[in-house]
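**Q** Attaching a single structure in structure tokens format; questions to follow.
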Amino acid sequence: MDSVTTSEALTPLLITLRKAVGLLDNNNAELKSDVLGQCDRISNPSLRITVFGPFNYGKSTLLNALLGEKALPIDLVPTTGAAITVTYGTELTSCITLTDGQVLKEAGTDLLQRYATLDEQRHMRQEVAAVAVECPHPFLRTGVELVDLPGTDDREAQNNLVYAKLQETDVVIQLLDGRKLMTLAEREHLRDWLMERGITTVLFVVNFLNLMEPEERKQVMYRLRFLAQDFRSTLPDGVSNLYAVDALPALRARLKGDMAAATQSGLPALESALQTLVQLRMPQLSTHRMTRLLPLMPKVQQALQQQLKSLETPSPDSRRAAIQQRAQTLIQEGFQQSMAELQDWLRLRNLLNQYQHSFAVALQAGTAFQWLEESLQPVWKQKKRAVVEWVYKACDFFEQPRPVDLWVSWQLPDDSVQAVPEPEQPSGKKEEGMAPVAIATGLGWVLGGPMGAAVLGGASHLINRSGRKPSAQPEPTVSADLSREAARSYLAHFSETALAALHNYQKTTRPILYQSVAKPASQQQRIGQQTLLENTLVELQQLKAQLKNFGS
């Protein structure tokens, strides 16, 4: 089972877990953040490699050496003041997202020097929300993300950022200074912190050994083997987790194209290990990431049990109102998440990537109706259901009538697809009694005119006058290019109209999802909240058993 298939299979489990943490109160905000972060990582197809270590240990220099160019700032000391994510792009480009939503983007890395480094007081810039770099390195093209973290042991805000980002990574490169080895207590603290959070894929890289005597280098590597061995169990055979890499000499060698000097620096050994690790892990990303959720499950259950216990005892109206507010927040977040997923699926680029080829083949074969019923309609219904169910939950919880449903009409209007000599505009005919939030997606809207005649070979090849499928086999005389263009036109129409209907549905449901909840919850509502917590705890117990068996 590949990573995408595994992620889809886990969707029901992740929905239950998101619902559970959505019920947590403000005292468990950190736990909620950790769980949601891990849930989001499950469906992310990119494998993230993060470089971690104190300031001035050469993290940015090491990443630049791996990339073969100065993609990250290394001229200022200290350097990185924000987490920088490096992904694939056709040219070296920097992108800064500010907290007000403004996005700054320009070629090169000058933008990083202005926004991604610490100020004179060694503070991070508060207006920076995210920092990204695009780089045309082949390793990144495989779906790898590299993350350059700020140094630790400087300020609490930076440490908190680093530890939060570590929980979002798949592979950690722990950079060490061979001249400043950690004490036994520091090594045990690092080991315990990583392992408690399920972070077990760690590669230790020792820098600055080129500045030490040969005998000292041997002693350093010998001592570090004891730290590295605690993280050996999760690595595949043939991949070590302890490397000696002199980062600055490696970067200079890469910039000069000096392979001998690069080999002497130790960089190729680390590169080979990372490539092997990516090849083996990429098909099973979801399986490896699920292990991060296991340590969090008992904490979520315990927190919900405490909240349930407090609800079973009569409480002031203000507390009941607070519970209702949290329930509303849960519904709003679930609705927004489902809306975002449906909107993303409906974007034309995604539809074309997923369906254009198979739809074109179906058009050539004369099986377009069957393709719609088996390929496009089921996915639409599933994703639409995820959206409207949150609205139904809000209606039931707040005792409101349900709004008009979000639906799509797949029946072709009569006379909508015909082989005609000249292009025609889409039919303006509307179905009587159609609900106000609807989408008409008949093939005839996009297959009229000469292209439609060529693709369909006449209306009888796909539909008759009543809109039913024909009994005769179609004549396979359709051009592949015309079929692809027809498929693209249909999907473009579907994307446009569906997104517009989704926007109208969002406006229709807003008064329900965002109504005032200032009034104290009624007794009936309080019982409903208790039932919700109890049912969620049951689902969590079942989920916990499934997670333990996952991948076994």
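Chain lettering (A, B, ...) mirrors the order of the structure tokens, residue numbering begins at 1 for each chain separately, and ligand numbering begins at 1 in order of display.
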When you look at Tyr392 (chain A) with a cut-off of 10 Å (counting only C-alpha atoms), what residues show up, excluding the ones that are within fewer than 2 positions of it in the same chain? I need them as a list in words.
**A**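 Residues meeting the cut-off are Ile331, Val387, Val388, Glu389, Trp390, Ala394, Cys395, Asp396, Phe397, Phe398, Glu399, Gln400, Pro401, Arg402, Pro403, Ile512 and Leu513 of chain A.
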**Q** Tell me which of A:Glu30, A:Glu127, A:Glu196, A:Glu333 sits closest to Thr99 (chain A), counting only C-alpha atoms.
**A**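 Between A:Glu30, A:Glu127, A:Glu196, A:Glu333, the residue approaching Thr99 (chain A) most closely is A:Glu127.
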**Q** Have a look at CA of Leu176 (chain A) and CA of Gln219 (chain A) and let me know their distance in Å, one decimal.
**A** 14.4 Å
**Q** Write out as a list of chain:residue names the residues lying within 12 Å of Trp193 (chain A), counting only C-alpha atoms and excluding same-chain residues fewer than 6 positions away.
**A**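 Result of the neighbour search: A:Tyr163, A:Leu166, A:Gln167, A:Glu186, A:Arg187, A:Ile199, A:Thr200.
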**Q** Go through region 138-199 of chain A residue by residue and, counting only C-alpha atoms, keep those with an atom at most 8 Å from region 40-62 of chain A; for each kept residue give the shortest atom pair and its distance in Å to one decimal, ordered by chain and increasing number, as a tab-separated table.
**A**
residue	atom	partner	partner_atom	distance
A:Gly143	CA	A:Ser46	CA	5.0
A:Val144	CA	A:Leu47	CA	4.9
A:Glu145	CA	A:Arg48	CA	4.6
A:Leu146	CA	A:Ile49	CA	4.9
A:Val147	CA	A:Thr50	CA	4.6
A:Asp148	CA	A:Val51	CA	5.5
A:Leu149	CA	A:Phe52	CA	6.1
A:Pro150	CA	A:Phe55	CA	7.1
A:Gly151	CA	A:Phe55	CA	4.0
A:Thr152	CA	A:Pro54	CA	4.4
A:Asp153	CA	A:Pro54	CA	6.0
A:Asp154	CA	A:Phe55	CA	7.4
A:Val162	CA	A:Phe52	CA	7.8
A:Leu166	CA	A:Thr50	CA	7.2
A:Glu168	CA	A:Arg41	CA	6.7
A:Thr169	CA	A:Arg48	CA	5.2
A:Asp170	CA	A:Arg48	CA	5.3
A:Val171	CA	A:Ile49	CA	4.7
A:Val172	CA	A:Thr50	CA	5.0
A:Ile173	CA	A:Val51	CA	4.7
A:Gln174	CA	A:Phe52	CA	5.0
A:Leu175	CA	A:Gly53	CA	5.2
A:Leu176	CA	A:Tyr57	CA	6.7
A:Asp177	CA	A:Tyr57	CA	6.0
**Q** Output N, CA and C atoms for every residue in the selection just made, as a PDB file, in the first residue's frame.
**A**
ATOM      1  N   GLY A 143      10.342  15.211  -3.850  1.00  0.00           N
ATOM      2  CA  GLY A 143       9.331  15.416  -2.820  1.00  0.00           C
ATOM      3  C   GLY A 143       9.905  15.675  -1.449  1.00  0.00           C
ATOM      4  N   VAL A 144      11.188  16.021  -1.390  1.00  0.00           N
ATOM      5  CA  VAL A 144      11.868  16.276  -0.121  1.00  0.00           C
ATOM      6  C   VAL A 144      11.780  17.764   0.222  1.00  0.00           C
ATOM      7  N   GLU A 145      11.551  18.066   1.480  1.00  0.00           N
ATOM      8  CA  GLU A 145      11.649  19.424   2.013  1.00  0.00           C
ATOM      9  C   GLU A 145      12.800  19.454   3.011  1.00  0.00           C
ATOM     10  N   LEU A 146      13.629  20.475   2.926  1.00  0.00           N
ATOM     11  CA  LEU A 146      14.690  20.685   3.902  1.00  0.00           C
ATOM     12  C   LEU A 146      14.318  21.880   4.770  1.00  0.00           C
ATOM     13  N   VAL A 147      14.526  21.759   6.074  1.00  0.00           N
ATOM     14  CA  VAL A 147      14.170  22.833   6.995  1.00  0.00           C
ATOM     15  C   VAL A 147      15.401  23.235   7.795  1.00  0.00           C
ATOM     16  N   ASP A 148      15.711  24.518   7.744  1.00  0.00           N
ATOM     17  CA  ASP A 148      16.816  25.091   8.506  1.00  0.00           C
ATOM     18  C   ASP A 148      16.221  25.790   9.724  1.00  0.00           C
ATOM     19  N   LEU A 149      16.468  25.246  10.905  1.00  0.00           N
ATOM     20  CA  LEU A 149      15.885  25.796  12.126  1.00  0.00           C
ATOM     21  C   LEU A 149      16.811  26.835  12.767  1.00  0.00           C
ATOM     22  N   PRO A 150      16.224  27.781  13.521  1.00  0.00           N
ATOM     23  CA  PRO A 150      17.078  28.673  14.323  1.00  0.00           C
ATOM     24  C   PRO A 150      17.856  27.860  15.349  1.00  0.00           C
ATOM     25  N   GLY A 151      18.918  28.423  15.821  1.00  0.00           N
ATOM     26  CA  GLY A 151      19.698  27.726  16.838  1.00  0.00           C
ATOM     27  C   GLY A 151      18.983  27.683  18.173  1.00  0.00           C
ATOM     28  N   THR A 152      19.296  26.669  18.958  1.00  0.00           N
ATOM     29  CA  THR A 152      18.720  26.547  20.304  1.00  0.00           C
ATOM     30  C   THR A 152      19.671  27.142  21.331  1.00  0.00           C
ATOM     31  N   ASP A 153      19.225  27.134  22.581  1.00  0.00           N
ATOM     32  CA  ASP A 153      20.032  27.593  23.722  1.00  0.00           C
ATOM     33  C   ASP A 153      20.356  29.073  23.633  1.00  0.00           C
ATOM     34  N   ASP A 154      19.452  29.863  23.030  1.00  0.00           N
ATOM     35  CA  ASP A 154      19.691  31.305  22.967  1.00  0.00           C
ATOM     36  C   ASP A 154      18.559  32.064  23.642  1.00  0.00           C
ATOM     37  N   VAL A 162      11.702  25.939  17.651  1.00  0.00           N
ATOM     38  CA  VAL A 162      12.475  24.779  17.212  1.00  0.00           C
ATOM     39  C   VAL A 162      11.788  23.483  17.620  1.00  0.00           C
ATOM     40  N   LEU A 166      10.257  20.516  15.191  1.00  0.00           N
ATOM     41  CA  LEU A 166      10.793  19.151  15.233  1.00  0.00           C
ATOM     42  C   LEU A 166       9.679  18.113  15.216  1.00  0.00           C
ATOM     43  N   GLU A 168       7.117  18.224  13.501  1.00  0.00           N
ATOM     44  CA  GLU A 168       6.528  18.164  12.165  1.00  0.00           C
ATOM     45  C   GLU A 168       7.471  17.508  11.161  1.00  0.00           C
ATOM     46  N   THR A 169       8.607  17.010  11.618  1.00  0.00           N
ATOM     47  CA  THR A 169       9.612  16.507  10.694  1.00  0.00           C
ATOM     48  C   THR A 169       9.592  14.986  10.625  1.00  0.00           C
ATOM     49  N   ASP A 170      10.154  14.457   9.537  1.00  0.00           N
ATOM     50  CA  ASP A 170      10.259  13.007   9.358  1.00  0.00           C
ATOM     51  C   ASP A 170      11.658  12.502   9.685  1.00  0.00           C
ATOM     52  N   VAL A 171      12.665  13.295   9.370  1.00  0.00           N
ATOM     53  CA  VAL A 171      14.057  12.931   9.644  1.00  0.00           C
ATOM     54  C   VAL A 171      14.740  14.128  10.299  1.00  0.00           C
ATOM     55  N   VAL A 172      15.413  13.888  11.406  1.00  0.00           N
ATOM     56  CA  VAL A 172      16.143  14.938  12.106  1.00  0.00           C
ATOM     57  C   VAL A 172      17.638  14.749  11.867  1.00  0.00           C
ATOM     58  N   ILE A 173      18.287  15.825  11.440  1.00  0.00           N
ATOM     59  CA  ILE A 173      19.755  15.849  11.405  1.00  0.00           C
ATOM     60  C   ILE A 173      20.203  16.660  12.612  1.00  0.00           C
ATOM     61  N   GLN A 174      20.734  15.979  13.613  1.00  0.00           N
ATOM     62  CA  GLN A 174      21.232  16.644  14.817  1.00  0.00           C
ATOM     63  C   GLN A 174      22.693  17.018  14.573  1.00  0.00           C
ATOM     64  N   LEU A 175      22.931  18.320  14.440  1.00  0.00           N
ATOM     65  CA  LEU A 175      24.290  18.792  14.163  1.00  0.00           C
ATOM     66  C   LEU A 175      25.038  19.020  15.476  1.00  0.00           C
ATOM     67  N   LEU A 176      26.223  18.471  15.550  1.00  0.00           N
ATOM     68  CA  LEU A 176      27.041  18.566  16.759  1.00  0.00           C
ATOM     69  C   LEU A 176      28.364  19.252  16.432  1.00  0.00           C
ATOM     70  N   ASP A 177      28.914  19.953  17.412  1.00  0.00           N
ATOM     71  CA  ASP A 177      30.243  20.554  17.306  1.00  0.00           C
ATOM     72  C   ASP A 177      31.237  19.621  17.986  1.00  0.00           C
TER      73      ASP A 177
END
**Q** Rank nothing, just name the residue among A:Leu543, A:Leu194, A:Thr97, A:Leu491 nearest to Asn350 (chain A), using only C-alpha atoms.
**A** A:Leu491
**Q** Need to verify the contact set: Ser338 (chain A), 12 Å, only C-alpha atoms, exclusion of same-chain residues closer than 6 positions in sequence. Can you return it as a ChimeraX atom specification?
**A** /A:11,15,18,331-332,344-345,382-391,502,506
**Q** Please provide the set of residues having any atom within 10 Å of Lys32 (chain A), restricted to only C-alpha atoms, with same-chain residues fewer than 5 positions apart removed, written as an NGL selection string.
**A** :A and (18 or 20-27 or 37 or 296 or 300)
**Q** Write out as a PyMOL selection string all residues of region 41-182 of chain A that backbone DSSP assigns to alpha helix (DSSP H).
**A** chain A and resi 41-42+59-67+110-115+138-141+156-166
**Q** Those same residues, written as a PDB file, in the first residue's frame with C-alpha atoms?
**A**
ATOM      1  CA  ARG A  41       1.396  15.670   8.591  1.00  0.00           C
ATOM      2  CA  ILE A  42      -0.231  12.318   7.792  1.00  0.00           C
ATOM      3  CA  LYS A  59      23.343  24.222  10.199  1.00  0.00           C
ATOM      4  CA  SER A  60      22.845  26.641   7.302  1.00  0.00           C
ATOM      5  CA  THR A  61      26.317  25.908   5.975  1.00  0.00           C
ATOM      6  CA  LEU A  62      25.610  22.162   5.970  1.00  0.00           C
ATOM      7  CA  LEU A  63      22.337  22.630   4.089  1.00  0.00           C
ATOM      8  CA  ASN A  64      24.043  24.907   1.565  1.00  0.00           C
ATOM      9  CA  ALA A  65      26.650  22.202   1.018  1.00  0.00           C
ATOM     10  CA  LEU A  66      23.880  19.626   0.413  1.00  0.00           C
ATOM     11  CA  LEU A  67      22.213  22.010  -2.048  1.00  0.00           C
ATOM     12  CA  ASP A 110      18.773  38.936  -0.449  1.00  0.00           C
ATOM     13  CA  LEU A 111      15.228  38.817   0.936  1.00  0.00           C
ATOM     14  CA  LEU A 112      16.355  36.307   3.577  1.00  0.00           C
ATOM     15  CA  GLN A 113      19.062  38.627   4.830  1.00  0.00           C
ATOM     16  CA  ARG A 114      16.433  41.291   5.465  1.00  0.00           C
ATOM     17  CA  TYR A 115      13.720  39.148   7.042  1.00  0.00           C
ATOM     18  CA  PRO A 138      17.312  17.272  -8.011  1.00  0.00           C
ATOM     19  CA  PHE A 139      17.082  15.882  -4.468  1.00  0.00           C
ATOM     20  CA  LEU A 140      14.223  18.292  -3.700  1.00  0.00           C
ATOM     21  CA  ARG A 141      12.389  17.280  -6.847  1.00  0.00           C
ATOM     22  CA  GLU A 156      13.021  30.772  24.938  1.00  0.00           C
ATOM     23  CA  ALA A 157      10.951  31.941  21.950  1.00  0.00           C
ATOM     24  CA  GLN A 158      13.445  30.433  19.528  1.00  0.00           C
ATOM     25  CA  ASN A 159      13.627  27.191  21.514  1.00  0.00           C
ATOM     26  CA  ASN A 160       9.819  26.884  21.465  1.00  0.00           C
ATOM     27  CA  LEU A 161       9.771  27.408  17.705  1.00  0.00           C
ATOM     28  CA  VAL A 162      12.475  24.779  17.212  1.00  0.00           C
ATOM     29  CA  TYR A 163      10.754  22.156  19.348  1.00  0.00           C
ATOM     30  CA  ALA A 164       7.412  22.763  17.606  1.00  0.00           C
ATOM     31  CA  LYS A 165       9.009  22.341  14.171  1.00  0.00           C
ATOM     32  CA  LEU A 166      10.793  19.151  15.233  1.00  0.00           C
TER      33      LEU A 166
END
**Q** Have a look at CA of Leu330 (chain A) and CA of Leu308 (chain A) and let me know their distance in Å, one decimal.
**A**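 Separating CA of Leu330 (chain A) from CA of Leu308 (chain A) is a distance of 16.5 Å.
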**Q** Just to confirm, what's the straight-line distance from CA of Glu91 (chain A) to CA of Leu104 (chain A) in Å (one decimal)?
**A**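 These atoms are spaced 16.1 Å apart.
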**Q** I need the residues of region 182-373 of chain A that end up classed as strand (DSSP E) by DSSP on the backbone, written out as JSON, numbers by chain.
**A** {"A": [202, 203, 204, 205, 206, 207, 242, 243, 244]}
**Q** Can you tell me which residues surround Lys544 (chain A) at a distance of at most 10 Å, considering only C-alpha atoms, apart from same-chain residues fewer than 5 positions away, and format the answer as a list in words?
**A**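 Neighbouring residues, sequence-local ones excluded: Leu13, Leu17, Leu293, Leu294, Met297, Pro298, Gln301, Val538, Glu539, Asn549 and Phe550 of chain A.
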**Q** Which residues are near region 272-281 of chain A? Cut-off 8 Å, only C-alpha atoms, ignore same chain within fewer than 3 positions. Put them as a list in words.
**A**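 The neighbour list is Leu47, Phe139, Val144, Pro236, Val239, Ser240, Pro268, Ala269, Gln284, Leu285 and His288 of chain A.
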**Q** Quick one: write out the picked residues with C-alpha atoms as a PDB file, in the first residue's frame?
**A**
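Saved result, part.pdb, follows:
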ATOM      1  CA  LEU A  47       9.230  14.057   3.310  1.00  0.00           C
ATOM      2  CA  PHE A 139      17.082  15.882  -4.468  1.00  0.00           C
ATOM      3  CA  VAL A 144      11.868  16.276  -0.121  1.00  0.00           C
ATOM      4  CA  PRO A 236      16.989   0.593   7.551  1.00  0.00           C
ATOM      5  CA  VAL A 239      22.179   3.319   6.812  1.00  0.00           C
ATOM      6  CA  SER A 240      24.302   4.672   9.646  1.00  0.00           C
ATOM      7  CA  PRO A 268      28.988  12.301   0.016  1.00  0.00           C
ATOM      8  CA  ALA A 269      28.463   9.690   2.747  1.00  0.00           C
ATOM      9  CA  GLN A 284       5.475   4.428   3.636  1.00  0.00           C
ATOM     10  CA  LEU A 285       5.318   7.958   5.026  1.00  0.00           C
ATOM     11  CA  HIS A 288       5.956   5.976   9.943  1.00  0.00           C
TER      12      HIS A 288
END
**Q** Of the candidates A:Leu242, A:Ala487, A:Asp481, A:Gln337, which shows the shortest atom-to-atom distance to Asn353 (chain A), using only C-alpha atoms?
**A** A:Ala487
**Q** Which residue is closest to Ala247 (chain A)? Choose from A:Ala228, A:Ala492, A:Leu270, A:Leu184 and count only C-alpha atoms.
**A** A:Leu270
